[in-house]
>>> print(open('run-v2.tsv').read())   # TSV, C-alpha atoms (C1' of nucleotides)
chain	number	residue	atom	x	y	z
A	1	MET	CA	-133.12	97.99	80.50
A	2	SER	CA	-131.82	100.11	83.38
A	3	ASP	CA	-129.11	98.49	85.40
A	4	ASP	CA	-129.19	99.06	89.13
A	5	ARG	CA	-125.46	98.91	89.36
A	6	HIS	CA	-125.23	101.87	87.02
A	7	PRO	CA	-127.73	104.44	88.13
A	8	ASP	CA	-128.50	107.13	85.64
A	9	HIS	CA	-126.60	109.82	87.46
A	10	ALA	CA	-123.48	107.75	88.05
A	11	PRO	CA	-120.36	108.82	86.17
A	12	LEU	CA	-120.27	107.48	82.65
A	13	GLU	CA	-117.65	104.92	81.90
A	14	LEU	CA	-116.65	106.14	78.49
A	15	GLU	CA	-114.97	102.91	77.54
A	16	HIS	CA	-118.27	101.09	77.88
A	17	PHE	CA	-120.46	103.83	76.49
A	18	LEU	CA	-121.68	102.77	73.09
A	19	PRO	CA	-121.75	106.15	71.32
A	20	TYR	CA	-118.23	106.85	72.47
A	21	ARG	CA	-116.97	103.47	71.38
A	22	LEU	CA	-118.56	103.86	67.98
A	23	SER	CA	-117.00	107.25	67.61
A	24	ILE	CA	-113.52	106.07	68.50
A	25	LEU	CA	-113.70	103.04	66.25
A	26	SER	CA	-115.18	104.94	63.35
A	27	ASN	CA	-112.63	107.71	63.54
A	28	ALA	CA	-109.75	105.27	63.75
A	29	VAL	CA	-110.97	103.35	60.72
A	30	SER	CA	-111.84	106.31	58.54
A	31	GLN	CA	-108.70	108.16	59.47
A	32	ALA	CA	-106.49	105.23	58.64
A	33	ILE	CA	-107.94	105.09	55.15
A	34	ALA	CA	-107.95	108.84	54.66
A	35	ASP	CA	-104.31	109.14	55.72
A	36	ASP	CA	-103.50	106.73	52.99
A	37	TYR	CA	-105.04	108.57	50.06
A	38	GLN	CA	-104.31	111.95	51.54
A	39	ARG	CA	-100.63	111.25	51.34
A	40	ARG	CA	-100.82	109.95	47.81
A	41	PHE	CA	-103.26	112.38	46.22
A	42	ASP	CA	-103.85	115.24	48.63
A	43	LEU	CA	-107.47	114.14	48.63
A	44	SER	CA	-109.67	114.78	51.64
A	45	MET	CA	-112.27	112.33	52.86
A	46	THR	CA	-115.11	114.50	51.66
A	47	GLU	CA	-113.48	114.85	48.27
A	48	TRP	CA	-113.01	111.13	48.00
A	49	ARG	CA	-116.63	110.49	48.86
A	50	VAL	CA	-117.71	112.81	46.10
A	51	MET	CA	-115.48	110.99	43.65
A	52	ALA	CA	-116.85	107.66	44.79
A	53	VAL	CA	-120.44	108.59	44.04
A	54	LEU	CA	-119.49	110.13	40.71
A	55	ALA	CA	-117.81	106.86	39.83
A	56	ARG	CA	-121.12	105.12	40.29
A	57	PHE	CA	-123.51	107.71	38.92
A	58	ASP	CA	-122.51	110.08	36.18
A	59	GLY	CA	-124.02	113.40	35.40
A	60	LEU	CA	-125.24	114.06	38.93
A	61	SER	CA	-125.89	117.57	40.12
A	62	ALA	CA	-124.18	118.89	43.23
A	63	ARG	CA	-127.37	118.51	45.20
A	64	GLU	CA	-127.67	114.88	44.19
A	65	VAL	CA	-124.10	114.30	45.24
A	66	ALA	CA	-124.94	115.85	48.58
A	67	GLU	CA	-127.91	113.53	49.01
A	68	ARG	CA	-125.91	110.44	48.20
A	69	THR	CA	-122.97	111.28	50.40
A	70	LEU	CA	-125.09	112.69	53.24
A	71	MET	CA	-122.85	115.73	53.14
A	72	ASP	CA	-124.27	119.22	53.20
A	73	LYS	CA	-124.26	121.28	50.05
A	74	VAL	CA	-121.55	123.65	51.26
A	75	ALA	CA	-119.16	120.79	51.82
A	76	VAL	CA	-119.98	119.39	48.41
A	77	SER	CA	-119.51	122.75	46.77
A	78	ARG	CA	-116.08	123.08	48.30
A	79	ALA	CA	-115.06	119.55	47.47
A	80	LEU	CA	-116.14	120.06	43.88
A	81	ALA	CA	-114.21	123.29	43.60
A	82	LYS	CA	-111.05	121.41	44.52
A	83	LEU	CA	-111.80	118.39	42.36
A	84	VAL	CA	-112.57	120.47	39.29
A	85	GLU	CA	-109.47	122.54	39.92
A	86	ALA	CA	-107.41	119.37	40.21
A	87	GLY	CA	-108.87	118.18	36.93
A	88	TRP	CA	-110.46	115.07	38.37
A	89	VAL	CA	-114.05	116.13	37.87
A	90	THR	CA	-115.65	117.93	34.97
A	91	ARG	CA	-118.49	120.34	35.51
A	92	ALA	CA	-120.94	121.33	32.81
A	93	THR	CA	-124.20	123.21	33.02
A	94	HIS	CA	-127.46	121.35	32.76
A	95	ASP	CA	-129.29	121.86	29.50
A	96	GLY	CA	-132.75	122.69	30.68
A	97	ASP	CA	-131.74	124.31	33.98
A	98	LYS	CA	-128.81	126.67	34.11
A	99	ARG	CA	-128.60	126.48	37.88
A	100	ARG	CA	-127.68	122.82	37.90
A	101	SER	CA	-124.26	121.45	37.22
A	102	VAL	CA	-123.64	118.16	35.50
A	103	LEU	CA	-120.74	116.39	37.10
A	104	ASP	CA	-118.51	113.58	35.90
A	105	LEU	CA	-115.17	112.05	36.64
A	106	SER	CA	-112.55	113.00	34.09
A	107	GLU	CA	-110.05	110.51	32.70
A	108	ALA	CA	-107.60	111.64	35.35
A	109	GLY	CA	-110.33	111.29	37.95
A	110	TRP	CA	-110.97	107.71	36.90
A	111	ALA	CA	-107.27	107.02	37.20
A	112	VAL	CA	-107.29	108.26	40.76
A	113	HIS	CA	-110.35	106.20	41.46
A	114	GLU	CA	-108.63	103.10	40.11
A	115	VAL	CA	-106.00	103.51	42.78
A	116	VAL	CA	-108.03	104.70	45.72
A	117	ALA	CA	-110.99	102.34	45.49
A	118	PRO	CA	-108.81	99.24	45.93
A	119	MET	CA	-107.01	100.92	48.81
A	120	ALA	CA	-110.29	101.61	50.54
A	121	ARG	CA	-111.51	98.10	49.92
A	122	ALA	CA	-108.29	96.68	51.29
A	123	HIS	CA	-108.74	98.59	54.52
A	124	GLU	CA	-112.29	97.36	54.83
A	125	ARG	CA	-111.19	93.79	54.16
A	126	ASN	CA	-108.47	94.14	56.71
A	127	LEU	CA	-111.00	95.24	59.27
A	128	LEU	CA	-113.49	92.50	58.46
A	129	GLU	CA	-110.79	89.89	58.69
A	130	LYS	CA	-110.62	90.49	62.41
A	131	LEU	CA	-114.09	88.97	62.60
A	132	ASP	CA	-115.28	85.48	61.85
A	133	GLU	CA	-118.08	84.78	59.43
A	134	GLU	CA	-120.78	84.76	62.07
A	135	GLU	CA	-119.68	88.06	63.52
A	136	ARG	CA	-119.62	89.67	60.11
A	137	THR	CA	-123.17	88.58	59.49
A	138	TRP	CA	-124.34	89.99	62.79
A	139	LEU	CA	-122.48	93.22	62.27
A	140	VAL	CA	-124.22	93.90	58.98
A	141	ARG	CA	-127.55	93.00	60.47
A	142	ILE	CA	-127.01	95.24	63.46
A	143	LEU	CA	-125.92	98.17	61.31
A	144	ASP	CA	-128.96	97.69	59.12
A	145	LYS	CA	-131.22	97.79	62.12
A	146	LEU	CA	-129.60	100.77	63.78
A	147	GLN	CA	-129.49	102.76	60.59
A	148	ALA	CA	-133.05	101.99	59.68
A	149	ILE	CA	-134.03	104.11	62.65
A	150	GLU	CA	-131.26	106.53	63.37
A	151	PRO	CA	-131.35	108.59	60.17
A	152	LYS	CA	-133.86	110.91	61.90
B	1	MET	CA	-112.54	87.31	51.03
B	2	SER	CA	-112.60	89.11	47.69
B	3	ASP	CA	-115.91	89.00	45.89
B	4	ASP	CA	-115.78	88.51	42.16
B	5	ARG	CA	-118.87	90.56	41.63
B	6	HIS	CA	-117.13	93.51	43.24
B	7	PRO	CA	-113.68	93.78	41.80
B	8	ASP	CA	-111.28	95.96	43.66
B	9	HIS	CA	-111.38	98.74	41.14
B	10	ALA	CA	-115.16	98.86	40.79
B	11	PRO	CA	-116.86	101.96	42.15
B	12	LEU	CA	-117.43	101.78	45.86
B	13	GLU	CA	-121.00	101.52	47.00
B	14	LEU	CA	-120.79	103.83	49.93
B	15	GLU	CA	-123.98	102.55	51.48
B	16	HIS	CA	-122.42	99.10	51.83
B	17	PHE	CA	-118.94	100.24	52.71
B	18	LEU	CA	-118.33	99.48	56.34
B	19	PRO	CA	-116.14	102.45	57.27
B	20	TYR	CA	-118.64	104.81	55.72
B	21	ARG	CA	-121.57	103.20	57.47
B	22	LEU	CA	-119.80	103.33	60.80
B	23	SER	CA	-119.03	106.96	60.27
B	24	ILE	CA	-122.59	107.91	59.41
B	25	LEU	CA	-124.03	105.97	62.30
B	26	SER	CA	-121.50	107.20	64.79
B	27	ASN	CA	-121.96	110.82	63.78
B	28	ALA	CA	-125.72	110.59	63.91
B	29	VAL	CA	-125.65	109.08	67.37
B	30	SER	CA	-123.03	111.36	68.88
B	31	GLN	CA	-124.52	114.43	67.31
B	32	ALA	CA	-127.98	113.67	68.62
B	33	ILE	CA	-126.62	113.49	72.15
B	34	ALA	CA	-124.38	116.50	71.76
B	35	ASP	CA	-127.19	118.63	70.37
B	36	ASP	CA	-129.07	117.90	73.51
B	37	TYR	CA	-126.51	119.06	76.06
B	38	GLN	CA	-125.20	121.75	73.78
B	39	ARG	CA	-128.55	123.47	73.85
B	40	ARG	CA	-128.90	123.18	77.58
B	41	PHE	CA	-125.37	123.97	78.73
B	42	ASP	CA	-123.39	125.26	75.80
B	43	LEU	CA	-121.14	122.28	76.34
B	44	SER	CA	-119.22	120.76	73.44
B	45	MET	CA	-118.67	117.05	73.03
B	46	THR	CA	-115.02	117.32	73.94
B	47	GLU	CA	-115.87	119.34	77.01
B	48	TRP	CA	-118.44	116.81	78.10
B	49	ARG	CA	-115.98	113.98	77.69
B	50	VAL	CA	-113.54	115.78	79.93
B	51	MET	CA	-116.22	116.26	82.55
B	52	ALA	CA	-117.19	112.62	82.30
B	53	VAL	CA	-113.72	111.37	83.12
B	54	LEU	CA	-113.32	113.89	85.92
B	55	ALA	CA	-116.54	112.59	87.38
B	56	ARG	CA	-114.96	109.17	87.61
B	57	PHE	CA	-111.41	110.07	88.53
B	58	ASP	CA	-110.62	113.11	90.57
B	59	GLY	CA	-107.38	114.96	90.69
B	60	LEU	CA	-106.27	113.93	87.23
B	61	SER	CA	-103.72	115.97	85.32
B	62	ALA	CA	-104.55	117.28	81.86
B	63	ARG	CA	-102.36	114.64	80.31
B	64	GLU	CA	-104.20	111.89	82.14
B	65	VAL	CA	-107.48	113.34	80.95
B	66	ALA	CA	-106.13	113.26	77.41
B	67	GLU	CA	-105.15	109.61	77.80
B	68	ARG	CA	-108.52	108.59	79.11
B	69	THR	CA	-110.55	110.49	76.53
B	70	LEU	CA	-108.21	109.66	73.65
B	71	MET	CA	-108.18	113.35	72.86
B	72	ASP	CA	-104.98	115.19	72.14
B	73	LYS	CA	-103.53	117.51	74.72
B	74	VAL	CA	-104.38	120.67	72.81
B	75	ALA	CA	-108.04	119.75	72.69
B	76	VAL	CA	-107.97	118.97	76.38
B	77	SER	CA	-106.24	122.23	77.16
B	78	ARG	CA	-108.91	124.16	75.32
B	79	ALA	CA	-111.77	122.23	76.85
B	80	LEU	CA	-110.33	122.82	80.30
B	81	ALA	CA	-109.95	126.52	79.66
B	82	LYS	CA	-113.65	126.73	78.96
B	83	LEU	CA	-114.68	124.45	81.79
B	84	VAL	CA	-112.61	126.31	84.36
B	85	GLU	CA	-113.91	129.60	83.01
B	86	ALA	CA	-117.46	128.31	83.29
B	87	GLY	CA	-116.77	127.28	86.86
B	88	TRP	CA	-117.44	123.61	86.32
B	89	VAL	CA	-113.91	122.41	86.86
B	90	THR	CA	-111.35	123.53	89.40
B	91	ARG	CA	-107.68	123.57	88.54
B	92	ALA	CA	-104.93	123.51	91.14
B	93	THR	CA	-101.22	122.95	90.80
B	94	HIS	CA	-99.70	119.64	91.76
B	95	ASP	CA	-97.70	119.71	94.96
B	96	GLY	CA	-94.52	118.01	93.91
B	97	ASP	CA	-94.62	119.06	90.25
B	98	LYS	CA	-95.52	122.59	89.32
B	99	ARG	CA	-96.10	121.68	85.69
B	100	ARG	CA	-99.03	119.43	86.43
B	101	SER	CA	-102.51	120.59	87.13
B	102	VAL	CA	-104.86	118.84	89.49
B	103	LEU	CA	-108.35	118.82	88.09
B	104	ASP	CA	-111.70	118.26	89.72
B	105	LEU	CA	-115.34	118.89	89.06
B	106	SER	CA	-116.70	121.78	91.12
B	107	GLU	CA	-120.07	121.65	92.83
B	108	ALA	CA	-121.55	123.35	89.79
B	109	GLY	CA	-119.76	120.85	87.59
B	110	TRP	CA	-121.30	117.96	89.46
B	111	ALA	CA	-124.69	119.56	89.04
B	112	VAL	CA	-124.20	119.67	85.29
B	113	HIS	CA	-123.02	116.11	85.33
B	114	GLU	CA	-126.14	115.04	87.22
B	115	VAL	CA	-128.20	116.31	84.33
B	116	VAL	CA	-126.08	115.33	81.37
B	117	ALA	CA	-125.08	111.81	82.37
B	118	PRO	CA	-128.70	110.61	82.49
B	119	MET	CA	-129.38	112.30	79.17
B	120	ALA	CA	-126.48	110.49	77.60
B	121	ARG	CA	-127.51	107.19	79.09
B	122	ALA	CA	-131.04	107.68	77.84
B	123	HIS	CA	-129.78	108.15	74.31
B	124	GLU	CA	-127.67	105.03	74.56
B	125	ARG	CA	-130.60	103.07	75.94
B	126	ASN	CA	-132.79	104.36	73.18
B	127	LEU	CA	-130.29	103.10	70.65
B	128	LEU	CA	-129.83	99.71	72.26
B	129	GLU	CA	-133.55	99.22	72.44
B	130	LYS	CA	-133.62	98.93	68.68
B	131	LEU	CA	-131.74	95.67	69.12
B	132	ASP	CA	-132.77	92.45	70.76
B	133	GLU	CA	-130.74	90.83	73.48
B	134	GLU	CA	-128.80	88.59	71.13
B	135	GLU	CA	-127.85	91.46	68.86
B	136	ARG	CA	-126.69	93.55	71.79
B	137	THR	CA	-124.42	90.75	72.92
B	138	TRP	CA	-122.91	90.39	69.49
B	139	LEU	CA	-122.46	94.10	69.10
B	140	VAL	CA	-120.41	94.36	72.26
B	141	ARG	CA	-118.38	91.36	71.28
B	142	ILE	CA	-117.72	92.73	67.83
B	143	LEU	CA	-116.72	96.13	69.14
B	144	ASP	CA	-114.39	94.48	71.63
B	145	LYS	CA	-112.73	92.55	68.86
B	146	LEU	CA	-112.39	95.41	66.45
B	147	GLN	CA	-111.09	97.76	69.06
B	148	ALA	CA	-108.59	95.30	70.40
B	149	ILE	CA	-106.79	95.72	67.10
B	150	GLU	CA	-107.70	99.04	65.61
B	151	PRO	CA	-106.19	101.34	68.25
B	152	LYS	CA	-103.04	101.68	66.15
C	1	DA	C1'	-73.86	121.63	90.30
C	2	DC	C1'	-74.95	122.07	85.35
C	3	DG	C1'	-76.16	121.45	80.85
C	4	DT	C1'	-79.00	118.26	78.03
C	5	DT	C1'	-83.15	116.11	77.34
C	6	DA	C1'	-87.90	115.19	78.43
C	7	DT	C1'	-92.56	116.42	80.03
C	8	DA	C1'	-97.03	119.39	81.18
C	9	DG	C1'	-99.42	122.61	79.28
C	10	DT	C1'	-100.47	126.83	76.29
C	11	DT	C1'	-100.20	129.70	72.21
C	12	DA	C1'	-100.05	130.60	67.22
C	13	DC	C1'	-101.05	129.53	62.84
C	14	DA	C1'	-103.13	127.32	59.16
C	15	DT	C1'	-107.04	124.58	57.60
C	16	DA	C1'	-111.72	122.55	58.05
C	17	DT	C1'	-116.47	122.92	59.02
C	18	DG	C1'	-121.32	124.74	59.67
C	19	DA	C1'	-124.84	128.34	59.51
C	20	DA	C1'	-126.62	132.07	57.33
C	21	DA	C1'	-126.53	135.44	53.73
C	22	DC	C1'	-126.34	135.75	49.08
C	23	DC	C1'	-126.80	135.40	43.76
C	24	DA	C1'	-128.67	133.33	39.83
C	25	DG	C1'	-132.10	131.04	37.56
C	26	DT	C1'	-136.90	128.65	37.81
C	27	DT	C1'	-141.59	127.78	39.06
C	28	DG	C1'	-146.25	128.92	40.42
C	29	DC	C1'	-149.97	131.61	39.95
C	30	DA	C1'	-152.87	135.97	39.89
D	1	DT	C1'	-146.89	138.78	31.71
D	2	DG	C1'	-144.94	139.85	36.29
D	3	DC	C1'	-143.85	139.12	40.82
D	4	DA	C1'	-143.53	136.08	44.96
D	5	DA	C1'	-141.69	131.92	46.52
D	6	DC	C1'	-138.35	128.32	45.72
D	7	DT	C1'	-134.14	125.88	44.36
D	8	DG	C1'	-129.04	125.04	42.99
D	9	DG	C1'	-124.95	126.61	44.17
D	10	DT	C1'	-121.30	129.87	46.12
D	11	DT	C1'	-119.49	133.14	49.42
D	12	DT	C1'	-118.89	134.94	54.00
D	13	DC	C1'	-118.15	134.71	58.63
D	14	DA	C1'	-117.60	132.67	62.94
D	15	DT	C1'	-115.98	128.50	65.26
D	16	DA	C1'	-113.45	124.13	65.63
D	17	DT	C1'	-109.54	121.34	65.07
D	18	DG	C1'	-104.65	119.71	64.19
D	19	DT	C1'	-99.70	120.64	63.91
D	20	DA	C1'	-95.85	122.84	65.31
D	21	DA	C1'	-93.59	126.13	68.10
D	22	DC	C1'	-93.02	127.78	72.63
D	23	DT	C1'	-92.71	128.33	78.03
D	24	DA	C1'	-91.96	126.50	82.36
D	25	DT	C1'	-90.61	122.92	85.18
D	26	DA	C1'	-88.51	118.47	86.16
D	27	DA	C1'	-85.35	114.48	85.45
D	28	DC	C1'	-81.03	112.59	83.92
D	29	DG	C1'	-76.15	111.93	83.24
D	30	DT	C1'	-71.82	113.33	83.99
>>> encode(input="run-v2.tsv", output="structure tokens")
Amino acid sequence: MSDDRHPDHAPLELEHFLPYRLSILSNAVSQAIADDYQRRFDLSMTEWRVMAVLARFDGLSAREVAERTLMDKVAVSRALAKLVEAGWVTRATHDGDKRRSVLDLSEAGWAVHEVVAPMARAHERNLLEKLDEEERTWLVRILDKLQAIEPK
Amino acid sequence: MSDDRHPDHAPLELEHFLPYRLSILSNAVSQAIADDYQRRFDLSMTEWRVMAVLARFDGLSAREVAERTLMDKVAVSRALAKLVEAGWVTRATHDGDKRRSVLDLSEAGWAVHEVVAPMARAHERNLLEKLDEEERTWLVRILDKLQAIEPK
DNA sequence: ACGTTATAGTTACATATGAAACCAGTTGCA
DNA sequence: TGCAACTGGTTTCATATGTAACTATAACGT
């Protein structure tokens, strides 16, 4: 695996260094999408992610949202504060456990979702269109493999 | 390209949404490396990136560092302030242009580099080892393709 | 030469983020 | 019961980051 032409102590060539390349690509992609819905709805990426999971699963608690978005609970708490304030998410208290909140998209929240989800999908499609079918298949497979391990 | 089972307005499944997956993976990878050198040298990711390019190219100006790291000039300015303060980078003024700085790793800076570069490479190797040869080839090819477009 | 415009870099300000402390409310168990 | 340990969620504080304003120098056009 080591390459004699690139001894361990040699200067890194960032442009060929995988973690760096992933980071640049990922930021470019996510930022392009976020810019889009930020302009239209003043919605941050973390807020949008919260809305996206609430669109799929209703009645989640904040902790469950955190698990599903892989965000930490502080970030979720803040996102929720803004979303509830904006009237896009409703927050009730769990029946049997007064600590828990029960979260749902409001009508207005669904309306936002109806606009943003297609925007996000369009960006993804746009990205995937740069690849041919074979490359897309490999990409998914590679991500699956890397993520099977990496999450700790 | 559209998939009838996943209409545009349907809730996003984050775990299958490419930009999200890239973001999670990229953060996990970069953070794992950064944690490592952060603990040992109190060096942030941006600072390390600056050191990495100065290890390859000496006498760069701050603007050139910014170009090569794809960081903005404010971030570079701050990173340099810390690196110069820490004694890992030397800053002189360009002969013919008093606005420009001329940046180089110091002896101490090289010593840090000698430790961190192998650490970073080890992490990358560790990641690539999850893939077989064919997958690695495709990954590079896919990244090349996506990045050829995405940067703007 | 001289004012306008551009460039290198820093500073200030406003916002975002993460870690730890904190406040309920709940559970476990003597 | 009652109290220790735990959990859901928010607040606080310290740090990071991005944008715009600013300073100093250089380049350009007349």
>>> residues_around(input="run-v2.tsv", residues="DG8 in chain D", least_positions_apart="2", cutoff="10 Å", atoms="only C-alpha atoms (C1' of nucleotides)", output="list in words")
Ser61, Ala62, Arg63, Lys73, Asp97, Lys98, Arg99, Arg100 and Ser101 of chain A; DA24 and DG25 of chain C; DT10 of chain D
>>> atom_distance(input="run-v2.tsv", atom1="C1' of DA24 in chain D", atom2="CA of Asp58 in chain B")
24.4 Å
>>> residues_around(input="run-v2.tsv", residues="DA14 in chain D", least_positions_apart="4", cutoff="12 Å", atoms="all atoms listed in the file", output="number ranges by chain")
C: 17-20
>>> closest_residue(input="run-v2.tsv", among="A:Met45, A:Leu18, A:Ile33, A:Leu12", to="Arg125 in chain A", atoms="only C-alpha atoms")
A:Ile33
>>> residues_around(input="run-v2.tsv", residues="DG28 in chain C", least_positions_apart="5", cutoff="12 Å", atoms="all atoms listed in the file", output="JSON, numbers by chain")
{"D": [2, 3, 4, 5, 6]}
>>> interface_residues(input="run-v2.tsv", of="chain A", to="chain B", cutoff="8 Å", atoms="all atoms listed in the file", output="PyMOL selection string")
chain A and resi 1+8-14+17-23+25-30+49+52-53+55-56+69+113-115+117-118+121+124-125+127+130-131+135+138-139+142-143+145-147+149-151
>>> closest_atom_pairs(input="run-v2.tsv", of="chain C", to="chain B", cutoff="10 Å", atoms="all atoms listed in the file", output="JSON lines")
{"residue": "C:DT7", "atom": "C1'", "partner": "B:Arg99", "partner_atom": "CA", "distance": 8.5}
{"residue": "C:DA8", "atom": "C1'", "partner": "B:Arg99", "partner_atom": "CA", "distance": 5.1}
{"residue": "C:DG9", "atom": "C1'", "partner": "B:Ser77", "partner_atom": "CA", "distance": 7.2}
{"residue": "C:DT10", "atom": "C1'", "partner": "B:Ser77", "partner_atom": "CA", "distance": 7.4}
{"residue": "C:DT11", "atom": "C1'", "partner": "B:Val74", "partner_atom": "CA", "distance": 10.0}
>>> interface_residues(input="run-v2.tsv", of="chain D", to="chain B", cutoff="8 Å", atoms="all atoms listed in the file", output="ChimeraX atom specification")
/D:17,24-26
>>> atom_distance(input="run-v2.tsv", atom1="C1' of DC23 in chain C", atom2="CA of Thr93 in chain A")
16.5 Å
>>> closest_residue(input="run-v2.tsv", among="D:DA16, D:DT30, D:DG9, D:DT23", to="DA1 in chain C", atoms="all atoms listed in the file")
D:DT30
>>> atom_distance(input="run-v2.tsv", atom1="CA of Leu83 in chain B", atom2="C1' of DA14 in chain C")
25.6 Å
